[in-house]
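**Student:** Below you'll find the structure I mean.
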Amino acid sequence: MIGETTDYRMVIHGEQRYTVPNAIQAAPGLVVFRMPNDQSINSAARWRIGHHDGRAIAEAMCRENAFKGVDILVKSGIDWTLDEDDLQNAISTETARDLFAKLSYAWCEQPGTSYMPGDVTRNGTYTDADIEAAAAEYKDDQLNALEILTAMTHTVPWMGLDTNDFNDAHNRIVEAAGAE
């Protein structure tokens with residue numbers, strides 16, 4: 001059922017299967033899930049759009065963009081409920097290129113393209129301690145609210161937050177830093 005959560009069996013490293021709990025049934029044949037922290041630790045795009053057979057279709061920095069990507073895939077007219085072999089036969093190289101061009105408008109990319117050095121698995125998650133540490137850093141640097149906003153957009157864990165969560169974190173940091 002669309003919107004329900006399920007255990008998703010994603011394929012990694014060729015044919016290995018890895019179970020991801022709480023994947024969201026986003027559309028017939030498509031799921032959205034957050035990459036487990038022990039997988040793709042260098043990928044800042046922690047949200048994936050997966051095919052029901054287990055293969056990754058696209059990745060996104062934040063959850064809301066992954067769902068925008070699903071909308072694009074659904075509107076493509078492709079039957080995502082097909083099994084993997086039939087789906088590969090149904091999608092030409094040109095169609096795949098067109099889909100990824102359209103997905104890029106929703107900030108979705110091919111899996112494995114959002115590489116960053118180091119462990120960036122915390123992207124899109126933060127704690128009160130993260131807020132306090134960022135506020136202290138920005139206060140020491142005497143940044144104003146706009147400068148804090150700019151700095152946050154390119155820094156783990158903030159860059160992977162959905163819009164409302166990012167705005168909330170920014171407001172809390174600005175207040176704690178005493179920025180104007």
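Chain labels run A, B, ... following the order of the structure tokens; each chain numbers its residues from 1, and ligands are numbered from 1 in the order shown.
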Just want the 7 Å neighbourhood of Ala145 (chain A), counted on only C-alpha atoms, with same-chain residues fewer than 4 positions away dropped. Output as a PyMOL selection string.
**Tutor:** chain A and resi 149+174+179-180
**Student:** If you keep all heavy atoms, can you produce a file of those selected residues as a PDB file, in the first residue's frame?
**Tutor:**
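Final output, saved to again.pdb:
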ATOM      1  N   LEU A 149      23.598  30.647   7.331  1.00  0.00           N
ATOM      2  CA  LEU A 149      22.786  29.920   6.346  1.00  0.00           C
ATOM      3  C   LEU A 149      23.654  29.368   5.221  1.00  0.00           C
ATOM      4  O   LEU A 149      23.563  28.196   4.856  1.00  0.00           O
ATOM      5  CB  LEU A 149      21.708  30.854   5.773  1.00  0.00           C
ATOM      6  CG  LEU A 149      20.810  30.265   4.703  1.00  0.00           C
ATOM      7  CD1 LEU A 149      19.816  29.290   5.323  1.00  0.00           C
ATOM      8  CD2 LEU A 149      20.076  31.374   3.976  1.00  0.00           C
ATOM      9  N   VAL A 174      21.149  30.215  14.908  1.00  0.00           N
ATOM     10  CA  VAL A 174      21.254  31.674  14.889  1.00  0.00           C
ATOM     11  C   VAL A 174      20.943  32.243  16.276  1.00  0.00           C
ATOM     12  O   VAL A 174      21.663  33.110  16.784  1.00  0.00           O
ATOM     13  CB  VAL A 174      20.316  32.275  13.815  1.00  0.00           C
ATOM     14  CG1 VAL A 174      20.149  33.777  13.994  1.00  0.00           C
ATOM     15  CG2 VAL A 174      20.839  31.956  12.419  1.00  0.00           C
ATOM     16  N   ALA A 179      23.430  35.592  16.664  1.00  0.00           N
ATOM     17  CA  ALA A 179      23.665  36.256  15.378  1.00  0.00           C
ATOM     18  C   ALA A 179      22.491  37.129  14.991  1.00  0.00           C
ATOM     19  O   ALA A 179      21.363  36.933  15.457  1.00  0.00           O
ATOM     20  CB  ALA A 179      23.907  35.196  14.290  1.00  0.00           C
ATOM     21  N   GLU A 180      22.787  38.085  14.159  1.00  0.00           N
ATOM     22  CA  GLU A 180      21.724  38.994  13.686  1.00  0.00           C
ATOM     23  C   GLU A 180      21.370  38.677  12.253  1.00  0.00           C
ATOM     24  O   GLU A 180      22.141  38.255  11.469  1.00  0.00           O
ATOM     25  CB  GLU A 180      22.213  40.435  13.761  1.00  0.00           C
ATOM     26  CG  GLU A 180      22.431  40.858  15.204  1.00  0.00           C
ATOM     27  CD  GLU A 180      22.888  42.289  15.289  1.00  0.00           C
ATOM     28  OE1 GLU A 180      22.676  43.071  14.360  1.00  0.00           O
ATOM     29  OE2 GLU A 180      23.464  42.626  16.320  1.00  0.00           O
TER      30      GLU A 180
END
**Student:** Write down as an MDAnalysis selection string the residues belonging to region 55-123 of chain A that are assigned strand (DSSP E) by DSSP computed on the backbone.
**Tutor:** chainID A and resid 56:60 108:109
**Student:** Please, could you write that set of residues out with N, CA and C atoms as a CSV table (one decimal), in the first residue's frame?
**Tutor:**
chain,number,residue,atom,x,y,z
A,56,ALA,N,19.0,0.0,-6.9
A,56,ALA,CA,18.8,1.5,-6.7
A,56,ALA,C,18.6,2.2,-8.0
A,57,ILE,N,17.7,3.1,-8.0
A,57,ILE,CA,17.4,3.9,-9.3
A,57,ILE,C,18.0,5.2,-9.2
A,58,ALA,N,17.9,5.9,-8.0
A,58,ALA,CA,18.4,7.2,-7.9
A,58,ALA,C,18.7,7.5,-6.4
A,59,GLU,N,19.5,8.6,-6.2
A,59,GLU,CA,19.7,9.0,-4.8
A,59,GLU,C,19.5,10.5,-4.7
A,60,ALA,N,19.2,10.9,-3.5
A,60,ALA,CA,18.9,12.3,-3.2
A,60,ALA,C,19.5,12.7,-1.8
A,108,CYS,N,17.9,14.8,-7.8
A,108,CYS,CA,18.2,13.3,-7.7
A,108,CYS,C,19.2,12.9,-8.7
A,109,GLU,N,20.1,12.0,-8.3
A,109,GLU,CA,21.2,11.7,-9.2
A,109,GLU,C,21.3,10.1,-9.3
**Student:** Pick out the residues sitting within 8 Å of Asp7 (chain A), and hand them over as a list in words; count only C-alpha atoms, and ignore anything fewer than 3 positions along from it in its own chain.
**Tutor:** Thr19, Val20, Pro21, Asn22 and Ala23 of chain A
**Student:** Just list the residues in region 41-170 of chain A DSSP gives alpha helix (DSSP H) on the backbone, as a ChimeraX atom specification.
**Tutor:** /A:63-75,84-90,93-104,128-140,145-152,163-170
**Student:** With a distance cut-off of 12 Å and only C-alpha atoms, select the neighbouring residues of Thr127 (chain A), excluding the residue or stretch itself and same-chain residues fewer than 6 positions from it, and output the selection as a list of chain:residue names.
**Tutor:**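 In the requested format, the answer is A:Ala133, A:Ala134, A:Pro157, A:Trp158, A:Asp165, A:Ala169, A:Arg172, A:Ile173.
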**Student:** With only C-alpha atoms as the basis for distance, which of A:Cys62, A:Ile131, A:Leu161, A:Ile72 is at the shortest distance from Tyr105 (chain A)?
**Tutor:**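 Closest candidate: A:Ile72.
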**Student:** Go ahead and compute the interatomic distance for CA of Gln16 (chain A) and CA of Pro111 (chain A), in Å to one decimal.
**Tutor:**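 That distance, rounded to one decimal, is 16.4 Å.
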**Student:** Could you state the separation of CA of Arg48 (chain A) and CA of Trp107 (chain A) in Å, given to one decimal place?
**Tutor:**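 So the answer is 11.8 Å.
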